[in-house]
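Reproduced below: work-v4.cif, with mmCIF, C-alpha atoms and all ligand atoms.
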data_coords
loop_
_atom_site.label_atom_id
_atom_site.label_comp_id
_atom_site.auth_asym_id
_atom_site.auth_seq_id
_atom_site.Cartn_x
_atom_site.Cartn_y
_atom_site.Cartn_z
CA MET A 1 -13.79 -30.13 -28.96
CA THR A 2 -11.98 -30.71 -32.25
CA TYR A 3 -8.33 -29.79 -31.95
CA LEU A 4 -6.90 -27.37 -34.47
CA ALA A 5 -3.15 -26.91 -34.19
CA ASN A 6 -1.72 -23.45 -33.66
CA PRO A 7 -0.97 -22.01 -37.12
CA GLU A 8 2.11 -20.28 -35.65
CA ARG A 9 3.61 -23.54 -34.35
CA TYR A 10 6.66 -23.42 -36.60
CA SER A 11 7.44 -19.74 -36.15
CA SER A 12 7.08 -19.21 -32.40
CA ILE A 13 9.87 -20.67 -30.30
CA MET A 14 11.07 -24.00 -31.67
CA GLN A 15 14.39 -24.60 -33.38
CA TYR A 16 15.09 -27.70 -35.45
CA ARG A 17 18.45 -29.46 -35.52
CA ARG A 18 19.70 -31.96 -38.07
CA CYS A 19 19.98 -35.47 -36.65
CA GLY A 20 23.54 -36.51 -37.43
CA ARG A 21 24.24 -37.18 -41.12
CA SER A 22 20.63 -37.72 -42.13
CA GLY A 23 17.77 -35.95 -43.83
CA LEU A 24 15.83 -35.69 -40.59
CA LYS A 25 15.59 -32.64 -38.34
CA LEU A 26 14.30 -32.92 -34.79
CA PRO A 27 12.91 -30.21 -32.54
CA ALA A 28 15.49 -29.04 -29.99
CA VAL A 29 12.99 -30.10 -27.31
CA SER A 30 11.23 -33.46 -27.64
CA LEU A 31 8.60 -34.90 -25.30
CA GLY A 32 8.82 -38.37 -23.75
CA LEU A 33 5.87 -40.42 -22.48
CA TRP A 34 7.72 -42.69 -20.06
CA GLN A 35 5.74 -41.52 -17.03
CA ASN A 36 2.50 -39.52 -16.66
CA PHE A 37 0.79 -40.98 -19.77
CA GLY A 38 -0.27 -44.41 -18.49
CA ASP A 39 -3.66 -45.69 -17.36
CA VAL A 40 -2.92 -44.51 -13.82
CA ASP A 41 -2.79 -40.92 -15.13
CA VAL A 42 -5.48 -38.46 -16.21
CA LEU A 43 -6.20 -38.56 -19.93
CA GLU A 44 -7.29 -34.92 -20.19
CA ASN A 45 -4.07 -33.77 -18.51
CA PHE A 46 -1.85 -35.52 -20.98
CA ARG A 47 -4.07 -34.58 -23.90
CA ALA A 48 -3.51 -30.93 -22.89
CA THR A 49 0.24 -31.53 -22.57
CA LEU A 50 0.46 -33.09 -26.04
CA ARG A 51 -1.56 -30.28 -27.61
CA LEU A 52 0.58 -27.64 -25.93
CA ALA A 53 3.71 -29.39 -27.15
CA PHE A 54 2.63 -29.57 -30.78
CA ASP A 55 1.32 -26.00 -30.67
CA HIS A 56 4.89 -24.95 -29.81
CA GLY A 57 6.55 -26.94 -32.56
CA VAL A 58 7.38 -30.09 -30.55
CA THR A 59 7.05 -32.54 -33.42
CA HIS A 60 8.78 -35.48 -31.76
CA PHE A 61 7.14 -37.81 -29.22
CA ASP A 62 9.12 -40.64 -27.67
CA LEU A 63 7.55 -43.89 -26.44
CA ALA A 64 8.57 -47.46 -25.65
CA ASN A 65 6.69 -50.75 -25.46
CA ASN A 66 6.86 -50.78 -21.65
CA TYR A 67 5.82 -47.18 -20.87
CA GLY A 68 2.77 -46.78 -18.65
CA PRO A 69 2.11 -47.97 -16.05
CA PRO A 70 0.87 -50.57 -16.70
CA PRO A 71 3.29 -51.38 -19.55
CA GLY A 72 1.83 -50.70 -22.98
CA THR A 73 -0.76 -48.18 -21.83
CA ALA A 74 1.26 -45.08 -22.80
CA GLU A 75 1.21 -46.35 -26.40
CA THR A 76 -2.50 -47.20 -26.21
CA ASN A 77 -3.38 -43.79 -24.78
CA PHE A 78 -1.11 -42.00 -27.23
CA GLY A 79 -2.76 -43.94 -30.08
CA ARG A 80 -6.17 -42.75 -28.91
CA ILE A 81 -5.09 -39.10 -28.81
CA LEU A 82 -3.36 -39.46 -32.16
CA LYS A 83 -6.62 -40.66 -33.64
CA GLU A 84 -8.81 -38.08 -31.92
CA ASP A 85 -6.56 -35.00 -32.16
CA PHE A 86 -3.57 -35.49 -34.42
CA ARG A 87 -4.89 -37.61 -37.30
CA ALA A 88 -4.53 -34.71 -39.74
CA TYR A 89 -0.96 -34.06 -38.60
CA ARG A 90 0.63 -37.53 -38.86
CA ASP A 91 3.10 -36.39 -41.52
CA GLU A 92 4.25 -33.55 -39.24
CA LEU A 93 5.12 -35.95 -36.40
CA ILE A 94 8.15 -38.04 -35.52
CA ILE A 95 6.97 -40.92 -33.33
CA SER A 96 9.49 -43.25 -31.79
CA THR A 97 9.20 -46.45 -29.83
CA LYS A 98 11.60 -49.06 -28.43
CA ALA A 99 11.99 -52.61 -27.22
CA GLY A 100 14.70 -54.01 -24.99
CA TYR A 101 13.34 -54.16 -21.43
CA THR A 102 10.99 -56.79 -20.00
CA MET A 103 7.62 -56.66 -21.74
CA TRP A 104 5.95 -60.06 -21.59
CA ASP A 105 6.44 -63.41 -19.87
CA GLY A 106 8.68 -66.13 -21.23
CA PRO A 107 11.95 -66.08 -23.13
CA TYR A 108 10.75 -63.92 -26.07
CA GLY A 109 9.57 -60.75 -24.29
CA ASP A 110 12.89 -59.18 -23.27
CA TRP A 111 16.41 -58.16 -24.37
CA GLY A 112 17.52 -58.21 -28.03
CA SER A 113 16.56 -61.23 -30.11
CA LYS A 114 15.05 -60.78 -33.56
CA LYS A 115 12.00 -62.67 -32.26
CA TYR A 116 11.43 -60.09 -29.50
CA LEU A 117 12.15 -56.92 -31.48
CA VAL A 118 9.99 -57.77 -34.48
CA SER A 119 7.00 -59.00 -32.48
CA SER A 120 7.26 -56.15 -29.98
CA LEU A 121 7.18 -53.53 -32.73
CA ASP A 122 4.13 -55.25 -34.25
CA GLN A 123 2.41 -54.97 -30.87
CA SER A 124 3.41 -51.29 -30.52
CA LEU A 125 2.01 -50.49 -33.96
CA ARG A 126 -1.28 -52.16 -33.02
CA ARG A 127 -1.48 -50.25 -29.73
CA MET A 128 -0.80 -46.91 -31.40
CA LYS A 129 -2.92 -47.81 -34.48
CA LEU A 130 -0.05 -46.86 -36.76
CA ASP A 131 1.28 -48.38 -39.99
CA TYR A 132 4.85 -47.40 -39.13
CA VAL A 133 6.89 -45.53 -36.54
CA ASP A 134 9.47 -42.96 -37.51
CA ILE A 135 12.22 -44.26 -35.22
CA PHE A 136 12.58 -47.68 -33.63
CA TYR A 137 15.24 -48.22 -30.97
CA HIS A 138 16.93 -51.13 -29.34
CA HIS A 139 16.36 -49.94 -25.76
CA ARG A 140 19.41 -51.43 -24.02
CA PRO A 141 22.34 -53.65 -25.00
CA ASP A 142 21.86 -57.40 -24.56
CA PRO A 143 24.94 -59.17 -23.21
CA GLU A 144 23.86 -62.57 -24.56
CA THR A 145 22.33 -62.08 -28.02
CA PRO A 146 24.94 -61.59 -30.74
CA LEU A 147 24.94 -57.91 -31.71
CA GLU A 148 24.81 -59.07 -35.35
CA GLU A 149 21.32 -60.52 -34.71
CA THR A 150 20.00 -57.43 -32.94
CA MET A 151 21.27 -55.11 -35.66
CA ALA A 152 19.95 -57.43 -38.38
CA ALA A 153 16.53 -57.17 -36.70
CA LEU A 154 16.70 -53.35 -36.85
CA ASP A 155 17.74 -53.50 -40.51
CA LEU A 156 14.87 -55.92 -41.26
CA ILE A 157 12.35 -53.62 -39.58
CA VAL A 158 13.45 -50.73 -41.81
CA ARG A 159 13.26 -52.92 -44.92
CA GLN A 160 9.77 -54.06 -43.90
CA GLY A 161 8.73 -50.40 -43.73
CA LYS A 162 7.68 -50.69 -40.08
CA ALA A 163 10.18 -47.99 -39.06
CA LEU A 164 11.73 -45.28 -41.20
CA TYR A 165 14.87 -44.99 -39.06
CA VAL A 166 16.52 -46.95 -36.26
CA GLY A 167 18.56 -46.08 -33.21
CA ILE A 168 20.15 -47.47 -30.08
CA SER A 169 19.81 -46.49 -26.44
CA ASN A 170 21.96 -46.95 -23.34
CA TYR A 171 24.88 -48.37 -25.38
CA GLN A 172 28.37 -47.56 -24.06
CA PRO A 173 30.87 -46.13 -26.59
CA ALA A 174 32.56 -49.41 -27.60
CA GLU A 175 29.31 -51.31 -28.12
CA ALA A 176 27.74 -48.29 -29.84
CA ALA A 177 30.69 -48.18 -32.27
CA GLN A 178 30.18 -51.86 -33.07
CA ALA A 179 26.42 -51.48 -33.53
CA ILE A 180 26.83 -48.46 -35.83
CA LYS A 181 29.37 -50.38 -37.92
CA LEU A 182 27.21 -53.50 -38.21
CA LEU A 183 24.16 -51.50 -39.23
CA GLY A 184 26.22 -49.61 -41.80
CA GLU A 185 27.45 -52.88 -43.31
CA LEU A 186 23.84 -53.96 -43.70
CA GLY A 187 23.08 -50.70 -45.52
CA THR A 188 21.09 -49.02 -42.74
CA HIS A 189 22.48 -45.91 -41.10
CA CYS A 190 22.14 -45.68 -37.33
CA LEU A 191 20.13 -42.46 -37.03
CA ILE A 192 20.42 -41.70 -33.35
CA HIS A 193 21.61 -42.70 -29.89
CA GLN A 194 19.50 -42.08 -26.77
CA PRO A 195 21.69 -41.90 -23.65
CA LYS A 196 21.03 -40.52 -20.18
CA TYR A 197 22.68 -37.10 -19.89
CA SER A 198 22.25 -34.15 -17.55
CA MET A 199 24.34 -31.92 -15.31
CA PHE A 200 24.17 -34.76 -12.78
CA GLU A 201 25.07 -37.63 -15.13
CA ARG A 202 27.86 -36.92 -17.59
CA TRP A 203 29.26 -40.25 -18.82
CA VAL A 204 28.52 -39.36 -22.46
CA GLU A 205 31.26 -36.74 -22.33
CA ASP A 206 33.85 -39.55 -22.04
CA GLY A 207 33.87 -40.69 -25.64
CA LEU A 208 30.27 -41.22 -26.67
CA LEU A 209 29.59 -37.71 -28.02
CA ASP A 210 32.87 -37.77 -29.98
CA LEU A 211 31.98 -41.14 -31.49
CA LEU A 212 28.49 -40.01 -32.50
CA GLU A 213 29.83 -36.87 -34.12
CA ALA A 214 32.46 -38.82 -36.08
CA GLU A 215 29.89 -41.39 -37.24
CA GLY A 216 27.19 -38.86 -38.14
CA VAL A 217 24.78 -40.22 -35.53
CA GLY A 218 22.43 -37.86 -33.69
CA CYS A 219 22.13 -37.71 -29.90
CA ILE A 220 18.93 -37.25 -27.88
CA PRO A 221 19.71 -37.21 -24.14
CA PHE A 222 16.98 -38.51 -21.85
CA SER A 223 16.21 -37.30 -18.31
CA PRO A 224 18.03 -33.97 -18.91
CA LEU A 225 16.32 -32.64 -15.76
CA ALA A 226 17.53 -35.68 -13.78
CA GLN A 227 13.85 -36.66 -13.41
CA GLY A 228 12.99 -33.31 -11.84
CA LEU A 229 15.98 -32.93 -9.50
CA LEU A 230 17.22 -30.11 -11.76
CA THR A 231 14.15 -27.98 -11.13
CA ASP A 232 13.05 -25.85 -8.22
CA LYS A 233 10.53 -28.42 -6.93
CA TYR A 234 12.70 -30.09 -4.28
CA LEU A 235 14.21 -26.91 -2.81
CA HIS A 236 11.86 -26.92 0.17
CA GLY A 237 11.09 -30.59 0.75
CA ILE A 238 9.45 -33.34 -1.29
CA PRO A 239 6.00 -32.43 -2.65
CA ALA A 240 3.51 -35.32 -2.50
CA ASP A 241 2.63 -34.86 -6.18
CA SER A 242 6.24 -35.12 -7.39
CA ARG A 243 8.04 -38.12 -8.86
CA ALA A 244 10.07 -38.60 -5.67
CA GLY A 245 6.97 -38.00 -3.51
CA ARG A 246 4.87 -40.56 -5.36
CA GLY A 247 7.34 -43.24 -4.32
CA GLY A 248 7.79 -44.87 -7.74
CA PRO A 249 10.82 -47.00 -8.50
CA SER A 250 12.74 -44.54 -10.71
CA LEU A 251 13.38 -41.65 -8.29
CA LYS A 252 13.82 -42.41 -4.61
CA GLU A 253 13.79 -39.91 -1.78
CA ASP A 254 17.27 -41.04 -0.78
CA GLN A 255 18.69 -39.55 -4.00
CA LEU A 256 18.01 -36.15 -2.42
CA THR A 257 21.11 -36.21 -0.24
CA PRO A 258 22.22 -33.03 1.58
CA GLU A 259 25.10 -32.67 -0.94
CA ARG A 260 22.67 -32.97 -3.85
CA LEU A 261 20.34 -30.40 -2.29
CA THR A 262 23.22 -27.96 -1.86
CA GLN A 263 24.12 -28.35 -5.54
CA ILE A 264 20.48 -27.87 -6.57
CA SER A 265 20.13 -24.77 -4.45
CA ARG A 266 23.36 -23.21 -5.80
CA LEU A 267 22.36 -24.00 -9.38
CA HIS A 268 18.94 -22.49 -8.71
CA GLN A 269 20.61 -19.31 -7.50
CA LEU A 270 22.75 -19.11 -10.64
CA ALA A 271 19.66 -19.66 -12.81
CA GLN A 272 17.95 -16.78 -11.03
CA GLU A 273 20.92 -14.54 -11.78
CA ARG A 274 20.43 -15.51 -15.42
CA ASN A 275 16.71 -14.62 -15.13
CA GLN A 276 15.52 -18.13 -15.80
CA SER A 277 14.26 -21.19 -13.96
CA LEU A 278 16.63 -23.98 -13.01
CA ALA A 279 14.84 -26.30 -15.47
CA GLN A 280 15.48 -23.83 -18.29
CA MET A 281 19.14 -23.47 -17.37
CA ALA A 282 19.67 -27.23 -17.06
CA LEU A 283 18.17 -27.82 -20.51
CA ALA A 284 20.11 -24.94 -22.10
CA TRP A 285 23.29 -26.37 -20.59
CA VAL A 286 22.74 -29.72 -22.37
CA LEU A 287 21.69 -28.03 -25.62
CA LYS A 288 24.79 -25.80 -25.77
CA ASP A 289 26.71 -28.76 -27.21
CA PRO A 290 26.08 -28.84 -30.98
CA ARG A 291 26.47 -32.64 -30.93
CA VAL A 292 23.18 -32.81 -29.03
CA THR A 293 20.26 -32.97 -31.47
CA SER A 294 17.40 -32.61 -29.00
CA VAL A 295 16.71 -32.82 -25.27
CA LEU A 296 14.12 -35.46 -24.37
CA ILE A 297 12.09 -34.12 -21.47
CA GLY A 298 9.15 -35.35 -19.44
CA ALA A 299 6.31 -33.28 -17.98
CA SER A 300 3.58 -34.22 -15.52
CA ARG A 301 1.48 -31.18 -16.44
CA PRO A 302 1.27 -28.55 -19.17
CA ALA A 303 2.74 -25.74 -17.03
CA GLN A 304 6.02 -27.66 -16.69
CA LEU A 305 6.32 -28.02 -20.42
CA GLN A 306 5.54 -24.33 -20.84
CA ASP A 307 8.36 -23.53 -18.40
CA SER A 308 10.86 -25.95 -19.94
CA LEU A 309 10.26 -24.73 -23.50
CA GLN A 310 11.58 -21.32 -22.52
CA CYS A 311 15.07 -22.88 -22.42
CA LEU A 312 15.07 -22.06 -26.12
CA GLN A 313 15.24 -18.35 -25.26
CA SER A 314 18.07 -18.82 -22.85
CA PRO A 315 20.91 -16.31 -22.66
CA GLU A 316 24.35 -17.61 -23.70
CA PHE A 317 26.51 -18.98 -20.88
CA SER A 318 29.48 -16.77 -20.00
CA ALA A 319 32.83 -18.47 -19.38
CA GLU A 320 32.48 -17.49 -15.74
CA GLN A 321 29.04 -19.08 -15.43
CA LEU A 322 30.30 -22.28 -17.03
CA SER A 323 33.17 -22.52 -14.60
CA THR A 324 30.84 -21.81 -11.67
CA ILE A 325 28.67 -24.72 -12.84
CA GLU A 326 31.75 -26.98 -13.04
CA GLU A 327 32.72 -25.95 -9.55
CA ILE A 328 29.20 -26.64 -8.20
CA LEU A 329 29.05 -30.03 -9.90
CA GLY A 330 32.49 -30.87 -8.57
N1 LIG B 1 16.03 -44.78 -23.24
C1 LIG B 1 15.83 -44.94 -21.95
O1 LIG B 1 16.30 -45.91 -21.32
C2 LIG B 1 15.02 -43.91 -21.22
C3 LIG B 1 14.98 -43.91 -19.81
C4 LIG B 1 14.24 -42.90 -19.18
C5 LIG B 1 13.58 -41.93 -19.94
N2 LIG B 1 13.62 -41.99 -21.31
C6 LIG B 1 12.89 -41.01 -22.15
O2 LIG B 1 13.17 -39.69 -21.70
C7 LIG B 1 11.94 -39.02 -21.39
C8 LIG B 1 12.16 -38.01 -20.31
O3 LIG B 1 12.62 -38.66 -19.12
P1 LIG B 1 12.29 -38.00 -17.72
O4 LIG B 1 10.80 -37.91 -17.55
O5 LIG B 1 13.09 -38.68 -16.69
O6 LIG B 1 12.88 -36.51 -18.00
P2 LIG B 1 13.17 -35.25 -17.13
O7 LIG B 1 12.80 -34.12 -18.04
O8 LIG B 1 14.54 -35.32 -16.59
O9 LIG B 1 12.15 -35.30 -15.90
C9 LIG B 1 10.79 -35.05 -16.10
C10 LIG B 1 10.11 -34.80 -14.76
O10 LIG B 1 10.65 -33.64 -14.12
C11 LIG B 1 9.61 -32.83 -13.59
N3 LIG B 1 9.59 -31.58 -14.37
C12 LIG B 1 9.72 -31.46 -15.71
N4 LIG B 1 9.74 -30.17 -16.09
C13 LIG B 1 9.65 -29.46 -14.97
C14 LIG B 1 9.63 -28.07 -14.72
N5 LIG B 1 9.74 -27.19 -15.71
N6 LIG B 1 9.53 -27.67 -13.43
C15 LIG B 1 9.42 -28.55 -12.42
N7 LIG B 1 9.44 -29.90 -12.61
C16 LIG B 1 9.54 -30.34 -13.87
C17 LIG B 1 8.33 -33.66 -13.73
O11 LIG B 1 8.25 -34.53 -12.60
P3 LIG B 1 7.09 -34.54 -11.50
O12 LIG B 1 6.37 -35.81 -11.74
O13 LIG B 1 7.85 -34.54 -10.22
O14 LIG B 1 6.21 -33.34 -11.68
C18 LIG B 1 8.63 -34.48 -14.95
O15 LIG B 1 7.84 -35.63 -15.07
C19 LIG B 1 11.00 -40.17 -21.04
O16 LIG B 1 9.63 -39.80 -21.13
C20 LIG B 1 11.38 -41.18 -22.06
O17 LIG B 1 10.80 -40.86 -23.32
C21 LIG B 1 14.33 -42.95 -21.95
#

Go through the file and emit its structure as structure tokens.
Amino acid sequence: MTYLANPERYSSIMQYRRCGRSGLKLPAVSLGLWQNFGDVDVLENFRATLRLAFDHGVTHFDLANNYGPPPGTAETNFGRILKEDFRAYRDELIISTKAGYTMWDGPYGDWGSKKYLVSSLDQSLRRMKLDYVDIFYHHRPDPETPLEETMAALDLIVRQGKALYVGISNYQPAEAAQAIKLLGELGTHCLIHQPKYSMFERWVEDGLLDLLEAEGVGCIPFSPLAQGLLTDKYLHGIPADSRAGRGGPSLKEDQLTPERLTQISRLHQLAQERNQSLAQMALAWVLKDPRVTSVLIGASRPAQLQDSLQCLQSPEFSAEQLSTIEEILG
């Protein structure tokens, strides 16, 4: 059936935050297609998830060349749904993709050379059937390619009109500072940084967030639910249909140590006292920092997204609750 977007999508729940010193605003909650959108997944499930997202004002969808599995299929499937459902809404969408991890055989399908980044983006555009993406990222720092070359490739891509904005991901503070400077010298502002950040992984608090604020660069933390650990799903064992239960490479059962489970259970209890789910509390906790532009979540089904979106109606954290969280996280 033809999809017609919810006419109330901009007035229901979503808030929009300015992305650093730029003209662009992002939804406070963005949806990533790393897992659950590949050929191994069910097209109608992720079509429903994407529709639900946009109907609630989620205007930003995050991809990468290697998302699937198999690699590339998340972009192909997203391109199909874009064409079938979202064609009329392209100008209301922020679509991002990346290159930086292994994508094809040989010396030109990985890391950070100009050769890799430019040809990978061309492939991504073909898979998604797009003329341009809104944001293109270098996915991870490359210890061998000169940073000057990688940043020149990002600048070139903007000048070619294949991406409107560029960003970096997984860069530590010192290398991020250098990348932002190099891009600025070329005349292209670094729009955004995409680091891993959640209650369970807090390295960005040691300098990165300060740097991004000072440089006017937005921040979109990925895996803010620690891949599902910061939800109620693992409280009573490992469900077969969960990321840990499916046995994929990114979340292993052995990450659910007894200490971790105690933390999860205490955080769950605190969330209940705040009349919300643990997922909602974990997302609200990341979003309470004004330096965070958007949280980049995943969802394996529409109901999870529905639950997570309610983080936007979260009560404020009291000083006592914040210190309880610090004590739990140790
Ligand atoms: N730049 C990078 O290097 C990088 C790396 C990783 C991710 N990312 C980006 O970040 C996005 C999000 O990463 P992520 O998927 O790890 O994020 P996440 O939000 O931390 O975890 C998402 C997973 O948690 C579970 N979940 C989500 N909401 C839930 C809820 N309300 N209740 C119960 N369970 C819930 C689902 O797992 P189940 O399958 O168990 O249901 C879901 O797939 C990716 O899609 C990608 O765009 C970027």

Site check for ligand LIG 1 (chain B): residues at most 7 Å away, all atoms listed in the file, as a PyMOL selection string: chain A and resi 31-36+62-63+139-140+169-170+194-196+222-228+231-233+241-244+279+296-300+304-305+307-308

Selection: 9 Å around segment 74-76 of chain A, all atoms listed in the file, excl. self and same-chain fewer than 3 positions, as a list in words: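 Residues meeting the cut-off are Leu33, Trp34, Gln35, Asn36, Phe37, Gly38, Asp39, Leu63, Ala64, Asn65, Asn66, Tyr67, Gly68, Pro69, Pro70, Pro71, Gly79, Arg80, Ile81, Thr97, Ser124, Leu125, Arg126, Arg127, Met128 and Lys129 of chain A.
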
Restricted to C-alpha atoms, what would the selected residues look like written as a PDB file, in the frame of the given file?
ATOM      1  CA  LEU A  33       5.870 -40.420 -22.480  1.00  0.00           C
ATOM      2  CA  TRP A  34       7.720 -42.690 -20.060  1.00  0.00           C
ATOM      3  CA  GLN A  35       5.740 -41.520 -17.030  1.00  0.00           C
ATOM      4  CA  ASN A  36       2.500 -39.520 -16.660  1.00  0.00           C
ATOM      5  CA  PHE A  37       0.790 -40.980 -19.770  1.00  0.00           C
ATOM      6  CA  GLY A  38      -0.270 -44.410 -18.490  1.00  0.00           C
ATOM      7  CA  ASP A  39      -3.660 -45.690 -17.360  1.00  0.00           C
ATOM      8  CA  LEU A  63       7.550 -43.890 -26.440  1.00  0.00           C
ATOM      9  CA  ALA A  64       8.570 -47.460 -25.650  1.00  0.00           C
ATOM     10  CA  ASN A  65       6.690 -50.750 -25.460  1.00  0.00           C
ATOM     11  CA  ASN A  66       6.860 -50.780 -21.650  1.00  0.00           C
ATOM     12  CA  TYR A  67       5.820 -47.180 -20.870  1.00  0.00           C
ATOM     13  CA  GLY A  68       2.770 -46.780 -18.650  1.00  0.00           C
ATOM     14  CA  PRO A  69       2.110 -47.970 -16.050  1.00  0.00           C
ATOM     15  CA  PRO A  70       0.870 -50.570 -16.700  1.00  0.00           C
ATOM     16  CA  PRO A  71       3.290 -51.380 -19.550  1.00  0.00           C
ATOM     17  CA  GLY A  79      -2.760 -43.940 -30.080  1.00  0.00           C
ATOM     18  CA  ARG A  80      -6.170 -42.750 -28.910  1.00  0.00           C
ATOM     19  CA  ILE A  81      -5.090 -39.100 -28.810  1.00  0.00           C
ATOM     20  CA  THR A  97       9.200 -46.450 -29.830  1.00  0.00           C
ATOM     21  CA  SER A 124       3.410 -51.290 -30.520  1.00  0.00           C
ATOM     22  CA  LEU A 125       2.010 -50.490 -33.960  1.00  0.00           C
ATOM     23  CA  ARG A 126      -1.280 -52.160 -33.020  1.00  0.00           C
ATOM     24  CA  ARG A 127      -1.480 -50.250 -29.730  1.00  0.00           C
ATOM     25  CA  MET A 128      -0.800 -46.910 -31.400  1.00  0.00           C
ATOM     26  CA  LYS A 129      -2.920 -47.810 -34.480  1.00  0.00           C
TER      27      LYS A 129
END

Within 12 Å of Gly216 of chain A, counting only C-alpha atoms, which residues qualify if same-chain residues fewer than 5 places away don't, as a PDB file with C-alpha atoms, keeping the file's coordinate frame?
ATOM      1  CA  ARG A  18      19.700 -31.960 -38.070  1.00  0.00           C
ATOM      2  CA  CYS A  19      19.980 -35.470 -36.650  1.00  0.00           C
ATOM      3  CA  GLY A  20      23.540 -36.510 -37.430  1.00  0.00           C
ATOM      4  CA  ARG A  21      24.240 -37.180 -41.120  1.00  0.00           C
ATOM      5  CA  SER A  22      20.630 -37.720 -42.130  1.00  0.00           C
ATOM      6  CA  GLY A  23      17.770 -35.950 -43.830  1.00  0.00           C
ATOM      7  CA  ALA A 177      30.690 -48.180 -32.270  1.00  0.00           C
ATOM      8  CA  ILE A 180      26.830 -48.460 -35.830  1.00  0.00           C
ATOM      9  CA  LYS A 181      29.370 -50.380 -37.920  1.00  0.00           C
ATOM     10  CA  GLY A 184      26.220 -49.610 -41.800  1.00  0.00           C
ATOM     11  CA  HIS A 189      22.480 -45.910 -41.100  1.00  0.00           C
ATOM     12  CA  CYS A 190      22.140 -45.680 -37.330  1.00  0.00           C
ATOM     13  CA  LEU A 191      20.130 -42.460 -37.030  1.00  0.00           C
ATOM     14  CA  ILE A 192      20.420 -41.700 -33.350  1.00  0.00           C
ATOM     15  CA  HIS A 193      21.610 -42.700 -29.890  1.00  0.00           C
ATOM     16  CA  LEU A 209      29.590 -37.710 -28.020  1.00  0.00           C
ATOM     17  CA  ASP A 210      32.870 -37.770 -29.980  1.00  0.00           C
ATOM     18  CA  LEU A 211      31.980 -41.140 -31.490  1.00  0.00           C
ATOM     19  CA  ARG A 291      26.470 -32.640 -30.930  1.00  0.00           C
ATOM     20  CA  VAL A 292      23.180 -32.810 -29.030  1.00  0.00           C
ATOM     21  CA  THR A 293      20.260 -32.970 -31.470  1.00  0.00           C
TER      22      THR A 293
END

Two-atom distance - atom CA of Leu24 of chain A, atom CA of Phe46 of chain A (Å):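 Spanning atom CA of Leu24 of chain A to atom CA of Phe46 of chain A is a straight-line distance of 26.4 Å.
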
Quick one: residues within 10 Å of Trp111 of chain A, only C-alpha atoms, excluding same-chain residues fewer than 6 positions away - as an mmCIF file with C-alpha atoms, in the coordinates of the input?
data_model
loop_
_atom_site.group_PDB
_atom_site.id
_atom_site.type_symbol
_atom_site.label_atom_id
_atom_site.label_comp_id
_atom_site.auth_asym_id
_atom_site.auth_seq_id
_atom_site.Cartn_x
_atom_site.Cartn_y
_atom_site.Cartn_z
ATOM 1 C CA ALA A 99 11.990 -52.610 -27.220
ATOM 2 C CA GLY A 100 14.700 -54.010 -24.990
ATOM 3 C CA TYR A 101 13.340 -54.160 -21.430
ATOM 4 C CA THR A 102 10.990 -56.790 -20.000
ATOM 5 C CA MET A 103 7.620 -56.660 -21.740
ATOM 6 C CA LEU A 117 12.150 -56.920 -31.480
ATOM 7 C CA HIS A 138 16.930 -51.130 -29.340
ATOM 8 C CA HIS A 139 16.360 -49.940 -25.760
ATOM 9 C CA ARG A 140 19.410 -51.430 -24.020
ATOM 10 C CA PRO A 141 22.340 -53.650 -25.000
ATOM 11 C CA ASP A 142 21.860 -57.400 -24.560
ATOM 12 C CA PRO A 143 24.940 -59.170 -23.210
ATOM 13 C CA GLU A 144 23.860 -62.570 -24.560
ATOM 14 C CA THR A 145 22.330 -62.080 -28.020
ATOM 15 C CA THR A 150 20.000 -57.430 -32.940
#

Within 12 Å of file point (20.8, -26.0, -6.2), counting all atoms listed in the file, expressed as a ChimeraX atom specification: /A:199-200,229-236,256-272,277-279,281-282,325,328-329

Counting only C-alpha atoms, the option among A:Arg159, A:His56, A:Lys115, A:Arg87 closest to Leu312 of chain A: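 Closest to Leu312 of chain A of all the choices is A:His56.
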
Point-to-point distance from atom CA of Arg301 of chain A to atom CA of Glu201 of chain A, Å rounded to tenths: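 Calculated distance between atom CA of Arg301 of chain A and atom CA of Glu201 of chain A is 24.5 Å.
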
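For Phe136 of chain A, the list of residues within 9 Å, based on only C-alpha atoms and with local chain neighbours fewer than 5 positions off taken out, reads Ala64, Ile95, Ser96, Thr97, Lys98, Ala99, Leu121, Leu154, Ile157, Val158, Lys162, Ala163, Leu164, Tyr165, Val166, Gly167 and Ile168 of chain A.
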
Mind dumping the selected residues with C-alpha atoms as a short mmCIF file (atom, residue, chain, number, x, y, z; two decimals), in the coordinates of the input?
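Result written to out_23.cif:
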data_model
loop_
_atom_site.label_atom_id
_atom_site.label_comp_id
_atom_site.auth_asym_id
_atom_site.auth_seq_id
_atom_site.Cartn_x
_atom_site.Cartn_y
_atom_site.Cartn_z
CA ALA A 64 8.57 -47.46 -25.65
CA ILE A 95 6.97 -40.92 -33.33
CA SER A 96 9.49 -43.25 -31.79
CA THR A 97 9.20 -46.45 -29.83
CA LYS A 98 11.60 -49.06 -28.43
CA ALA A 99 11.99 -52.61 -27.22
CA LEU A 121 7.18 -53.53 -32.73
CA LEU A 154 16.70 -53.35 -36.85
CA ILE A 157 12.35 -53.62 -39.58
CA VAL A 158 13.45 -50.73 -41.81
CA LYS A 162 7.68 -50.69 -40.08
CA ALA A 163 10.18 -47.99 -39.06
CA LEU A 164 11.73 -45.28 -41.20
CA TYR A 165 14.87 -44.99 -39.06
CA VAL A 166 16.52 -46.95 -36.26
CA GLY A 167 18.56 -46.08 -33.21
CA ILE A 168 20.15 -47.47 -30.08
#

I'd like the neighbourhood of Pro173 of chain A as a PDB file with C-alpha atoms, keeping the file's coordinate frame, where a residue qualifies if any of its atoms comes within 7 Å (using all atoms listed in the file), though same-chain residues fewer than 3 positions away should be ignored.
ATOM      1  CA  ALA A 176      27.740 -48.290 -29.840  1.00  0.00           C
ATOM      2  CA  ALA A 177      30.690 -48.180 -32.270  1.00  0.00           C
ATOM      3  CA  GLY A 207      33.870 -40.690 -25.640  1.00  0.00           C
ATOM      4  CA  LEU A 208      30.270 -41.220 -26.670  1.00  0.00           C
TER       5      LEU A 208
END
